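K.L.:
Input file: model-v3.txt. Contents: compact mmCIF, C-alpha atoms.
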# COMPACT_ATOMS: atom_id res chain seq x y z
CA MET N 30 22.13 45.71 -14.81
CA VAL N 31 20.08 42.68 -13.79
CA THR N 32 16.75 42.05 -15.43
CA ASP N 33 14.07 39.48 -14.66
CA ALA N 34 13.02 39.09 -18.29
CA THR N 35 12.62 35.48 -19.28
CA PRO N 36 14.08 34.58 -22.71
CA SER N 37 11.47 33.49 -25.23
CA LEU N 38 11.57 29.83 -26.19
CA PRO N 39 11.67 28.69 -29.81
CA THR N 40 8.58 27.05 -31.23
CA ARG N 41 8.71 23.24 -30.90
CA SER N 42 9.03 21.41 -34.18
CA ARG N 43 6.02 19.33 -35.22
CA ARG N 44 7.81 17.00 -37.57
CA ASN N 45 7.55 14.17 -35.05
CA HIS N 46 3.76 14.57 -34.98
CA PHE N 47 3.66 14.44 -38.76
CA ALA N 48 5.74 11.24 -38.75
CA ILE N 49 3.45 9.54 -36.25
CA GLY N 50 0.38 10.71 -38.13
CA ALA N 51 1.73 9.35 -41.41
CA ALA N 52 2.50 5.99 -39.77
CA LEU N 53 -1.03 5.73 -38.36
CA ILE N 54 -2.58 6.68 -41.69
CA LEU N 55 -0.59 3.96 -43.44
CA LEU N 56 -1.62 1.46 -40.76
CA CYS N 57 -5.32 2.33 -41.16
CA PHE N 58 -5.03 2.14 -44.94
CA TYR N 59 -3.48 -1.32 -44.73
CA ALA N 60 -6.17 -2.46 -42.28
CA LEU N 61 -8.89 -1.24 -44.65
CA ILE N 62 -7.35 -3.24 -47.48
CA LEU N 63 -7.40 -6.39 -45.34
CA GLY N 64 -10.97 -5.68 -44.21
CA PHE N 65 -12.29 -5.18 -47.75
CA SER N 66 -10.51 -8.33 -48.85
CA ALA N 67 -12.07 -10.37 -46.04
CA ARG N 68 -15.53 -8.89 -46.74
CA ARG N 69 -15.26 -9.69 -50.41
CA GLN N 70 -14.35 -13.27 -49.59
CA ALA N 71 -17.20 -13.55 -47.09
CA GLY N 72 -19.66 -12.21 -49.62
CA ASN N 73 -18.67 -14.80 -52.17
CA ALA N 74 -20.52 -18.00 -51.32
CA SER N 75 -18.21 -20.09 -53.45
CA VAL N 76 -15.27 -19.23 -51.19
CA LEU N 77 -16.93 -20.80 -48.14
CA PRO N 78 -16.11 -24.52 -48.00
CA ALA N 79 -18.55 -27.37 -47.72
CA GLY N 80 -19.89 -28.02 -44.25
CA SER N 81 -19.53 -24.42 -43.06
CA SER N 82 -22.45 -23.16 -40.97
CA ALA N 83 -22.13 -19.76 -42.70
CA SER N 84 -22.41 -21.14 -46.24
CA ALA N 85 -25.72 -20.95 -48.10
CA SER N 86 -24.39 -22.98 -51.00
CA PRO N 87 -25.90 -26.44 -51.67
CA ASN N 88 -23.07 -28.21 -49.85
CA GLY N 89 -23.02 -25.72 -46.96
CA SER N 90 -24.64 -26.21 -43.55
CA LEU N 91 -26.40 -22.91 -42.96
CA ALA N 92 -29.71 -24.79 -42.70
CA VAL N 93 -28.60 -26.58 -39.54
CA ALA N 94 -27.65 -23.30 -37.89
CA GLN N 95 -31.00 -21.75 -38.83
CA VAL N 96 -33.00 -24.72 -37.56
CA TRP N 97 -31.19 -24.69 -34.22
CA ARG N 98 -31.75 -20.97 -33.81
CA GLN N 99 -35.44 -21.33 -34.68
CA LEU N 100 -35.70 -24.01 -32.02
CA ARG N 101 -34.00 -21.56 -29.63
CA LEU N 102 -31.20 -23.98 -28.98
CA PRO N 103 -27.67 -22.66 -28.47
CA PHE N 104 -25.53 -22.73 -31.60
CA THR N 105 -21.87 -21.73 -31.55
CA ALA N 106 -19.46 -21.46 -34.48
CA TRP N 107 -16.16 -22.66 -33.03
CA GLY N 108 -13.01 -21.37 -34.70
CA GLU N 109 -10.24 -22.45 -32.35
CA PRO N 110 -7.96 -25.52 -32.35
CA PRO N 111 -9.21 -28.66 -30.57
CA ASP N 112 -6.82 -28.21 -27.66
CA LEU N 113 -8.69 -24.99 -26.76
CA LEU N 114 -12.12 -26.59 -26.50
CA PRO N 115 -13.74 -25.60 -23.18
CA ARG N 116 -14.03 -28.33 -20.57
CA TYR N 117 -17.06 -26.83 -18.88
CA THR N 118 -19.43 -26.91 -21.88
CA LYS N 119 -22.11 -29.53 -22.53
CA ASP N 120 -22.37 -28.74 -26.24
CA THR N 121 -22.15 -31.43 -28.92
CA PHE N 122 -19.21 -30.82 -31.21
CA VAL N 123 -20.02 -31.35 -34.91
CA SER N 124 -17.45 -31.27 -37.70
CA VAL N 125 -18.64 -31.69 -41.29
CA ASP N 126 -16.19 -32.15 -44.17
CA PRO N 127 -13.16 -30.63 -42.40
CA SER N 128 -9.92 -30.26 -44.32
CA THR N 129 -7.30 -32.90 -43.61
CA ALA N 130 -4.68 -30.17 -43.11
CA SER N 131 -6.62 -28.78 -40.14
CA TYR N 132 -6.67 -32.13 -38.36
CA PRO N 133 -3.23 -33.71 -38.20
CA PRO N 134 -2.77 -36.65 -35.80
CA GLU N 135 -2.00 -34.41 -32.83
CA ALA N 136 -5.25 -32.45 -33.40
CA ALA N 137 -7.22 -35.71 -33.54
CA THR N 138 -5.59 -36.79 -30.28
CA ALA N 139 -6.61 -33.51 -28.62
CA LEU N 140 -10.16 -33.94 -29.92
CA LEU N 141 -10.45 -37.46 -28.55
CA ASP N 142 -8.97 -36.35 -25.21
CA TRP N 143 -11.71 -33.74 -25.01
CA ALA N 144 -14.33 -36.44 -25.66
CA ARG N 145 -12.92 -38.54 -22.81
CA THR N 146 -13.90 -35.81 -20.34
CA GLY N 147 -17.61 -36.48 -20.98
CA HIS N 148 -18.33 -34.74 -24.28
CA THR N 149 -19.92 -35.88 -27.55
CA ILE N 150 -18.26 -35.47 -30.96
CA ILE N 151 -19.82 -36.05 -34.38
CA PHE N 152 -17.14 -36.22 -37.06
CA SER N 153 -18.61 -36.46 -40.56
CA ALA N 154 -16.39 -36.83 -43.63
CA ALA N 155 -16.66 -38.79 -46.86
CA GLY N 156 -12.99 -39.75 -46.85
CA PRO N 157 -10.39 -41.03 -44.37
CA THR N 158 -9.41 -38.67 -41.58
CA SER N 159 -7.03 -38.71 -38.65
CA VAL N 160 -10.00 -39.30 -36.33
CA SER N 161 -11.14 -42.41 -38.21
CA ARG N 162 -7.58 -43.74 -38.27
CA SER N 163 -7.26 -43.14 -34.51
CA LEU N 164 -10.33 -45.33 -34.02
CA HIS N 165 -8.89 -48.03 -36.36
CA LEU N 166 -11.48 -47.46 -39.05
CA THR N 167 -11.05 -47.72 -42.80
CA VAL N 168 -13.04 -45.51 -45.16
CA LYS N 169 -13.40 -47.09 -48.59
CA ALA N 170 -14.60 -45.01 -51.52
CA ARG N 171 -17.32 -46.48 -53.75
CA ARG N 172 -19.67 -45.39 -56.48
CA GLN N 173 -22.18 -42.95 -55.11
CA ILE N 174 -25.59 -44.39 -54.43
CA VAL N 175 -28.72 -43.01 -52.76
CA ILE N 176 -29.86 -45.01 -49.77
CA THR N 177 -33.48 -44.98 -48.62
CA SER N 178 -33.25 -46.64 -45.20
CA ILE N 179 -30.72 -46.99 -42.37
CA ARG N 180 -30.92 -49.50 -39.56
CA GLU N 181 -29.50 -48.49 -36.22
CA SER N 182 -27.89 -51.41 -34.40
CA SER N 183 -27.13 -50.90 -30.71
CA ARG N 184 -25.92 -53.24 -28.00
CA ARG N 185 -28.03 -51.62 -25.30
CA ALA N 186 -31.21 -50.55 -27.09
CA ARG N 187 -33.69 -52.02 -29.52
CA PRO N 188 -32.82 -51.61 -33.21
CA VAL N 189 -34.34 -48.57 -34.91
CA THR N 190 -34.85 -48.24 -38.66
CA PHE N 191 -35.01 -44.89 -40.45
CA ARG N 192 -37.11 -45.20 -43.58
CA HIS N 193 -38.10 -42.90 -46.43
CA LEU N 194 -34.63 -41.39 -46.73
CA SER N 195 -32.89 -39.90 -49.74
CA LEU N 196 -29.25 -39.78 -48.73
CA PRO N 197 -26.30 -39.94 -51.17
CA VAL N 198 -23.37 -42.02 -49.91
CA ALA N 199 -20.00 -42.42 -51.65
CA SER N 200 -18.01 -44.43 -49.07
CA VAL N 201 -18.38 -47.16 -46.47
CA LEU N 202 -16.80 -47.85 -43.10
CA SER N 203 -14.83 -50.98 -42.30
CA GLY N 204 -11.92 -52.09 -40.15
CA ILE N 205 -11.33 -53.79 -36.83
CA GLY N 206 -12.47 -50.69 -34.99
CA LEU N 207 -16.10 -51.53 -35.76
CA ASN N 208 -15.86 -54.34 -33.20
CA ASP N 209 -15.56 -51.71 -30.46
CA ALA N 210 -18.48 -49.60 -31.66
CA SER N 211 -21.43 -49.22 -29.29
CA ARG N 212 -23.81 -48.31 -32.12
CA LEU N 213 -23.73 -48.93 -35.88
CA PHE N 214 -25.70 -47.34 -38.69
CA ILE N 215 -26.19 -49.84 -41.54
CA ALA N 216 -27.79 -49.01 -44.89
CA GLU N 217 -30.20 -51.32 -46.70
CA THR N 218 -27.26 -52.46 -48.84
CA GLY N 219 -25.41 -53.72 -45.75
CA ALA N 220 -22.82 -50.95 -45.89
CA VAL N 221 -21.87 -49.27 -42.60
CA VAL N 222 -22.32 -45.51 -42.95
CA GLY N 223 -21.79 -44.53 -39.30
CA ALA N 224 -20.45 -45.82 -36.01
CA GLN N 225 -20.55 -44.56 -32.46
CA PHE N 226 -17.77 -45.27 -29.96
CA ARG N 227 -17.58 -44.91 -26.22
CA VAL N 228 -14.39 -42.98 -25.49
CA GLY N 229 -13.76 -42.48 -21.79
CA ASP N 230 -16.81 -40.71 -20.39
CA GLY N 231 -17.86 -39.34 -23.78
CA ASN N 232 -18.95 -40.49 -27.23
CA VAL N 233 -17.49 -40.14 -30.72
CA VAL N 234 -19.64 -40.66 -33.82
CA VAL N 235 -17.91 -41.21 -37.15
CA TRP N 236 -20.33 -40.52 -39.99
CA ASN N 237 -19.26 -40.94 -43.62
CA ALA N 238 -22.38 -39.41 -45.21
CA PRO N 239 -21.90 -35.66 -44.64
CA ALA N 240 -24.71 -34.85 -47.09
CA VAL N 241 -27.23 -35.31 -44.27
CA PHE N 242 -25.90 -32.05 -42.72
CA GLU N 243 -25.78 -30.10 -46.00
CA ASN N 244 -28.34 -27.63 -47.31
CA ARG N 245 -29.06 -29.69 -50.44
CA ASP N 246 -30.13 -32.90 -48.71
CA ILE N 247 -31.08 -32.10 -45.10
CA GLY N 248 -34.65 -31.26 -46.09
CA LYS N 249 -35.18 -34.17 -48.49
CA ALA N 250 -37.54 -36.96 -47.49
CA GLN N 251 -36.91 -37.89 -43.85
CA ASN N 252 -33.20 -37.08 -43.73
CA PHE N 253 -33.55 -34.68 -40.81
CA ARG N 254 -34.49 -37.63 -38.59
CA ILE N 255 -30.89 -38.79 -38.89
CA VAL N 256 -29.60 -35.41 -37.72
CA TRP N 257 -31.99 -35.38 -34.78
CA SER N 258 -31.06 -38.94 -33.86
CA LEU N 259 -27.35 -38.06 -33.83
CA VAL N 260 -27.59 -34.71 -32.06
CA GLY N 261 -30.99 -34.49 -30.36
CA ASN N 262 -32.07 -31.29 -28.66
CA HIS N 263 -28.56 -30.50 -27.43
CA PRO N 264 -26.61 -27.28 -27.93
CA LEU N 265 -24.34 -27.41 -30.96
CA MET N 266 -20.75 -26.31 -31.29
CA TRP N 267 -20.06 -26.23 -35.03
CA ASP N 268 -16.52 -26.75 -36.19
CA GLU N 269 -15.31 -23.86 -38.35
CA TYR N 270 -11.66 -24.38 -37.51
CA GLY N 271 -11.60 -27.39 -39.83
CA HIS N 272 -12.76 -25.13 -42.68
CA GLY N 273 -10.06 -22.53 -42.11
CA ILE N 274 -12.55 -19.67 -41.72
CA THR N 275 -11.02 -18.73 -38.40
CA SER N 276 -7.60 -20.16 -37.84
CA GLY N 277 -7.79 -20.38 -34.05
CA GLY N 278 -5.21 -19.24 -31.59
CA PHE N 279 -3.82 -15.73 -31.45
CA ILE N 280 -0.47 -16.52 -33.05
CA ARG N 281 -1.93 -18.51 -35.94
CA GLN N 282 -4.70 -16.03 -36.45
CA MET N 283 -2.28 -13.13 -36.63
CA PHE N 284 0.22 -14.80 -38.95
CA GLN N 285 -2.15 -16.15 -41.58
CA SER N 286 -3.85 -14.42 -44.50
CA GLY N 287 -1.53 -11.40 -44.33
CA ARG N 288 -2.30 -10.56 -40.70
CA GLY N 289 1.33 -11.05 -39.77
CA TYR N 290 2.32 -8.08 -41.90
CA SER N 291 -0.30 -5.93 -40.21
CA LEU N 292 1.02 -7.00 -36.79
CA LEU N 293 4.57 -6.11 -37.79
CA PHE N 294 3.35 -2.81 -39.16
CA LEU N 295 1.58 -2.07 -35.87
CA ILE N 296 4.71 -2.88 -33.89
CA THR N 297 6.71 -0.60 -36.17
CA ALA N 298 4.26 2.24 -35.57
CA VAL N 299 4.48 1.75 -31.79
CA LEU N 300 8.28 1.76 -31.90
CA LEU N 301 8.22 4.87 -34.03
CA TYR N 302 5.93 6.56 -31.53
CA LEU N 303 8.21 5.63 -28.63
CA TYR N 304 11.23 6.84 -30.56
CA ALA N 305 9.53 10.13 -31.35
CA SER N 306 8.52 10.59 -27.71
CA SER N 307 12.14 10.62 -26.59
CA LEU N 308 13.78 12.28 -29.61
CA ARG N 309 12.86 15.26 -31.71
CA PHE N 310 13.08 15.30 -35.49
CA GLY N 311 13.29 19.09 -35.68
CA ARG N 312 16.19 21.46 -35.09
CA ALA N 313 17.91 21.44 -31.73
CA ARG N 314 16.80 24.16 -29.34
CA ARG N 315 18.99 25.96 -26.87
CA HIS N 316 19.20 25.07 -23.22
CA VAL N 317 16.69 26.82 -21.00
CA GLU N 318 18.16 28.05 -17.75
CA ASP N 319 16.30 27.26 -14.55
CA ARG N 320 14.54 30.19 -12.98
CA ALA N 321 15.48 31.15 -9.46
CA ARG N 322 12.75 30.19 -7.03
CA PRO N 323 11.57 32.74 -4.49
CA GLY N 324 12.82 32.35 -0.96
CA THR N 325 9.33 32.15 0.48
CA GLU N 326 8.45 29.02 -1.50
CA PHE N 327 10.03 26.71 1.04
CA MET N 328 8.37 28.44 3.97
CA LYS N 329 4.96 28.23 2.30
CA ALA N 330 5.40 24.53 1.64
CA PHE N 331 6.68 23.92 5.17
CA SER N 332 3.81 25.87 6.74
CA SER N 333 1.22 23.92 4.74
CA HIS N 334 2.89 20.72 5.87
CA LEU N 335 2.73 21.78 9.51
CA GLN N 336 -0.98 22.48 9.20
CA SER N 337 -1.73 18.79 8.69
CA ARG N 338 -3.84 17.37 11.51
CA ARG N 339 -1.72 14.22 11.53
CA LEU N 340 1.15 16.24 12.96
CA TYR N 341 -0.83 17.78 15.83
CA PRO N 342 0.19 15.18 18.46
CA TYR N 343 3.89 15.53 17.59
CA GLN N 344 3.68 19.33 17.57
CA VAL N 345 1.96 19.31 20.95
CA GLU N 346 4.78 17.21 22.38
CA LEU N 347 7.43 19.51 20.90
CA LEU N 348 5.74 22.62 22.29
CA ALA N 349 5.26 20.99 25.69
CA ALA N 350 8.94 20.04 25.80
CA ALA N 351 9.87 23.62 24.92
CA VAL N 352 7.70 24.95 27.76
CA TRP N 353 9.29 22.49 30.19
CA ARG N 354 12.84 23.42 29.18
CA ASN N 355 12.17 27.13 29.53
CA LEU N 356 10.51 26.75 32.92
CA ALA N 357 13.20 24.39 34.19
CA SER N 358 15.90 26.83 33.07
CA GLN N 359 14.56 29.57 35.35
CA PRO N 360 16.85 30.04 38.38
CA ARG N 361 14.03 29.69 40.87
CA PHE N 362 12.90 26.30 39.50
CA GLN N 363 16.27 24.71 38.63
CA SER N 364 16.45 22.86 41.94
CA GLU N 365 12.89 21.53 41.70
CA LEU N 366 12.47 20.58 38.03
CA PRO N 367 14.72 18.23 36.01
CA ARG N 368 15.73 19.24 32.50
CA GLU N 369 16.15 15.70 31.12
CA GLY N 370 12.57 15.40 29.80
CA VAL N 371 12.68 13.80 26.37
CA CYS N 372 9.02 13.83 25.31
CA ASP N 373 5.63 14.71 26.65
CA HIS N 374 5.03 11.28 28.19
CA SER N 375 8.27 11.30 30.22
CA LEU N 376 7.70 14.73 31.81
CA PRO N 377 6.20 14.76 35.37
CA TRP N 378 3.54 17.39 34.77
CA ALA N 379 2.01 16.83 38.18
CA ARG N 380 5.28 18.01 39.69
CA MET N 381 5.32 21.00 37.36
CA ASP N 382 1.75 21.89 38.39
CA GLU N 383 2.69 21.76 42.07
CA THR N 384 5.74 23.93 41.46
CA MET N 385 3.81 26.53 39.45
CA ARG N 386 1.18 26.86 42.19
CA LYS N 387 3.99 28.12 44.45
CA ALA N 388 5.29 30.61 41.88
CA PRO N 389 5.43 34.14 43.33
CA SER N 390 4.22 35.75 40.07
CA PHE N 391 0.44 35.74 39.66
CA GLU N 392 0.76 36.53 35.94
CA LEU N 393 3.02 33.50 35.47
CA GLN N 394 0.51 31.29 37.27
CA SER N 395 -2.34 32.63 35.12
CA ARG N 396 -0.51 32.13 31.84
CA TYR N 397 0.60 28.65 32.87
CA GLN N 398 -2.90 27.62 33.93
CA THR N 399 -4.32 28.83 30.60
CA TRP N 400 -1.67 26.91 28.69
CA ARG N 401 -2.13 23.83 30.90
CA GLN N 402 -5.87 23.69 30.20
CA TRP N 403 -5.23 23.48 26.46
CA HIS N 404 -2.41 21.01 26.93
CA ALA N 405 -4.52 18.64 29.04
CA ARG N 406 -6.99 18.00 26.23
CA LYS N 407 -6.73 14.67 24.43
CA ARG N 408 -7.70 15.73 20.91
CA LEU N 409 -7.52 19.19 19.46
CA SER N 410 -9.38 20.58 16.51
CA LYS N 411 -7.66 23.00 14.18
CA ARG N 412 -9.05 26.04 16.00
CA GLU N 413 -8.19 24.54 19.41
CA PHE N 414 -4.69 23.74 18.24
CA LEU N 415 -4.20 27.35 17.13
CA SER N 416 -5.39 28.51 20.57
CA TYR N 417 -2.90 26.11 22.13
CA VAL N 418 -0.12 27.57 20.00
CA VAL N 419 -1.11 31.12 21.02
CA ALA N 420 -1.11 30.16 24.70
CA THR N 421 2.32 28.57 24.30
CA ARG N 422 3.66 31.66 22.57
CA GLU N 423 2.35 33.98 25.30
CA LEU N 424 3.84 31.78 28.02
CA LEU N 425 7.24 31.51 26.36
CA THR N 426 7.26 35.24 25.54
CA PHE N 427 6.57 36.03 29.18
CA LEU N 428 9.44 33.79 30.28
CA LEU N 429 11.88 35.29 27.77
CA GLU N 430 11.01 38.88 28.72
CA ARG N 431 11.76 38.15 32.39
CA GLU N 432 15.04 36.74 33.27
CA ASP N 433 13.88 34.64 36.19
CA GLY N 434 10.13 34.33 35.40
CA THR N 435 9.10 35.75 38.81
CA GLN N 436 8.89 39.40 38.03
Can you give me the file's structure in the form of structure tokens?
P.N.:
Amino acid sequence: MVTDATPSLPTRSRRNHFAIGAALILLCFYALILGFSARRQAGNASVLPAGSSASASPNGSLAVAQVWRQLRLPFTAWGEPPDLLPRYTKDTFVSVDPSTASYPPEAATALLDWARTGHTIIFSAAGPTSVSRSLHLTVKARRQIVITSIRESSRRARPVTFRHLSLPVASVLSGIGLNDASRLFIAETGAVVGAQFRVGDGNVVVWNAPAVFENRDIGKAQNFRIVWSLVGNHPLMWDEYGHGITSGGFIRQMFQSGRGYSLLFLITAVLLYLYASSLRFGRARRHVEDRARPGTEFMKAFSSHLQSRRLYPYQVELLAAAVWRNLASQPRFQSELPREGVCDHSLPWARMDETMRKAPSFELQSRYQTWRQWHARKRLSKREFLSYVVATRELLTFLLEREDGTQ
């Protein structure tokens, strides 16, 4: 006895979903730990280094960022390596008290190459850096003093003196590189506290009194005049890469401060998901036999395919060739009509029309004329095509019912 009952399938195990869910929960938990740790560090002002535009501590530079925003001048905190500095920008790059580890010689070379393309760099540090060494400058430490005036010496402009200052300085500039400087900043004691160099199409300013950019001293006396003289009303790009706040670069950023472990954890979760998509962690289920498809499925699909309007021209040619073959196979017309017609365009329908006008059967002439009127049309709509098919069927049925087509 044959039955059509379909066997019931076992319930799919959900252990794979639980495994993926557990992996995602662990990933989110680890990300929250990293986020709380970063927020706690950001909330602690003592963690932010000197010269950072986000630091409100006395040696931070938040005041510069606030002044530039109040003046509605663009201010950008840059946290990428020097080799990623954009070439299209016109911003002045300012770096205050960067760490020496962030600027090895190759980073200083990339920074100077960026200046050669027409950009301005202000590099302010109290000690020797790779940038000062690249410009053949020597930074000598000395006992900190407070200077009250700075004289600006330039080869192309008249000297300018900044008075009524209150600026602490703990080092001086020297070296043979000063001979190439286009502008020098000399304190009342004769010590050089800053130098500007023409590098390619750009400028590089080495400034060894970073206190002028810090919150503690920028508002004292007339110190802000120095900042405005160095930068002017130009957009600022503040160096945060030198402070290690953002490491710069996707690879470095992901593999510092524990982010590498989170990346590996994410990759592990993705691999686990892919593994679970192809394999099941539950019990094996039995093979499900394919159901037998009904015999009418193919005919339904084929009929829907034939109803496409794109096939109308080809179907018209096939039907016309069938009409020609059936008419040419009639004994009365075998001597007048060839049977070698391949397609609609190669059949001499004018000859067929002349032959059918001489047909002795009036019914054959009428059916042929009806069919020929539909066949002569260039484009057929769906309804017209169905009428053409009906006319073809009636004509072919008439020919098949009569052996010679003349009765």
K.L.:
Please determine, counting only C-alpha atoms, which residue among N:Phe427, N:Tyr397, N:Trp236, N:Trp107 has the shortest atom-to-atom distance to Leu166 of chain N.
P.N.:
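Using only C-alpha atoms, the shortest distance to Leu166 of chain N belongs to N:Trp236.
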K.L.:
So how many Å separate atom CA of Ser416 of chain N and atom CA of Tyr343 of chain N, to one decimal?
P.N.:
16.2 Å
K.L.:
May I ask for the distance between atom CA of Tyr117 of chain N and atom CA of Trp143 of chain N, given in Å to one decimal place?
P.N.:
10.7 Å
K.L.:
One decimal, Å: what's the distance from atom CA of Pro127 of chain N over to atom CA of Ala83 of chain N, could you say?
P.N.:
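If I compute the distance from atom CA of Pro127 of chain N to atom CA of Ala83 of chain N, I get 14.1 Å.
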K.L.:
Do you know which residues are at most 6 Å from segment 249-265 of chain N counting all atoms listed in the file, after dropping those on the same chain fewer than 6 positions away, and could you put them as an mmCIF file with C-alpha atoms, keeping the file's coordinate frame?
P.N.:
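Saved result, out_14.cif, follows:
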data_model
loop_
_atom_site.group_PDB
_atom_site.id
_atom_site.type_symbol
_atom_site.label_atom_id
_atom_site.label_comp_id
_atom_site.auth_asym_id
_atom_site.auth_seq_id
_atom_site.Cartn_x
_atom_site.Cartn_y
_atom_site.Cartn_z
ATOM 1 C CA LEU N 102 -31.200 -23.980 -28.980
ATOM 2 C CA PRO N 103 -27.670 -22.660 -28.470
ATOM 3 C CA PHE N 104 -25.530 -22.730 -31.600
ATOM 4 C CA ASP N 120 -22.370 -28.740 -26.240
ATOM 5 C CA THR N 121 -22.150 -31.430 -28.920
ATOM 6 C CA HIS N 193 -38.100 -42.900 -46.430
ATOM 7 C CA LEU N 194 -34.630 -41.390 -46.730
ATOM 8 C CA SER N 195 -32.890 -39.900 -49.740
#
K.L.:
Between N:Val419, N:Leu207, N:Ala240, N:Val96, which residue has the minimum interatomic distance to Ala79 of chain N, considering all atoms listed in the file?
P.N.:
N:Ala240
K.L.:
What residues have an atom no more than 7 Å from (-20.9, -36.6, -37.4) in the file's own frame, counting all atoms listed in the file, and can you write them as a ChimeraX atom specification?
P.N.:
/N:123-125,151-153,234-236
K.L.:
Using only C-alpha atoms, which residue out of N:Leu428, N:Ala94, N:Leu140, N:Leu340 lies closest to Leu113 of chain N?
P.N.:
N:Leu140
K.L.:
Would you pick out the contacts of Gly80 of chain N at 7 Å or less, using all atoms listed in the file, so that residues sharing its chain but fewer than 4 positions from it are not included, and give the list as a ChimeraX atom specification?
P.N.:
/N:88-90,125-126,243
K.L.:
Just give me the residues with any atom within 7 Å of (-33.6, -45.3, -44.0), file coordinates, counting only C-alpha atoms, written as a list in words.
P.N.:
Ile176, Thr177, Ser178, Ile179, Arg180, Thr190, Phe191, Arg192, His193, Leu194 and Ala216 of chain N
K.L.:
Which residue gives the smallest distance to Asn244 of chain N among N:Lys407, N:Ser81, N:Ile54, N:Val168, with all atoms listed in the file counted?
P.N.:
N:Ser81
K.L.:
May I ask which of the residues N:Arg187, N:His165, N:Arg227, N:His148 is the closest one to Ser203 of chain N, counting all atoms listed in the file?
P.N.:
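Ranked by minimum distance to Ser203 of chain N, first place goes to N:His165.
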K.L.:
Which one of N:Asp268, N:Asp112, N:Asp246, N:Glu423 sits closest to Pro87 of chain N if you count all atoms listed in the file?
P.N.:
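Under the stated criterion, the closest residue is N:Asp246.
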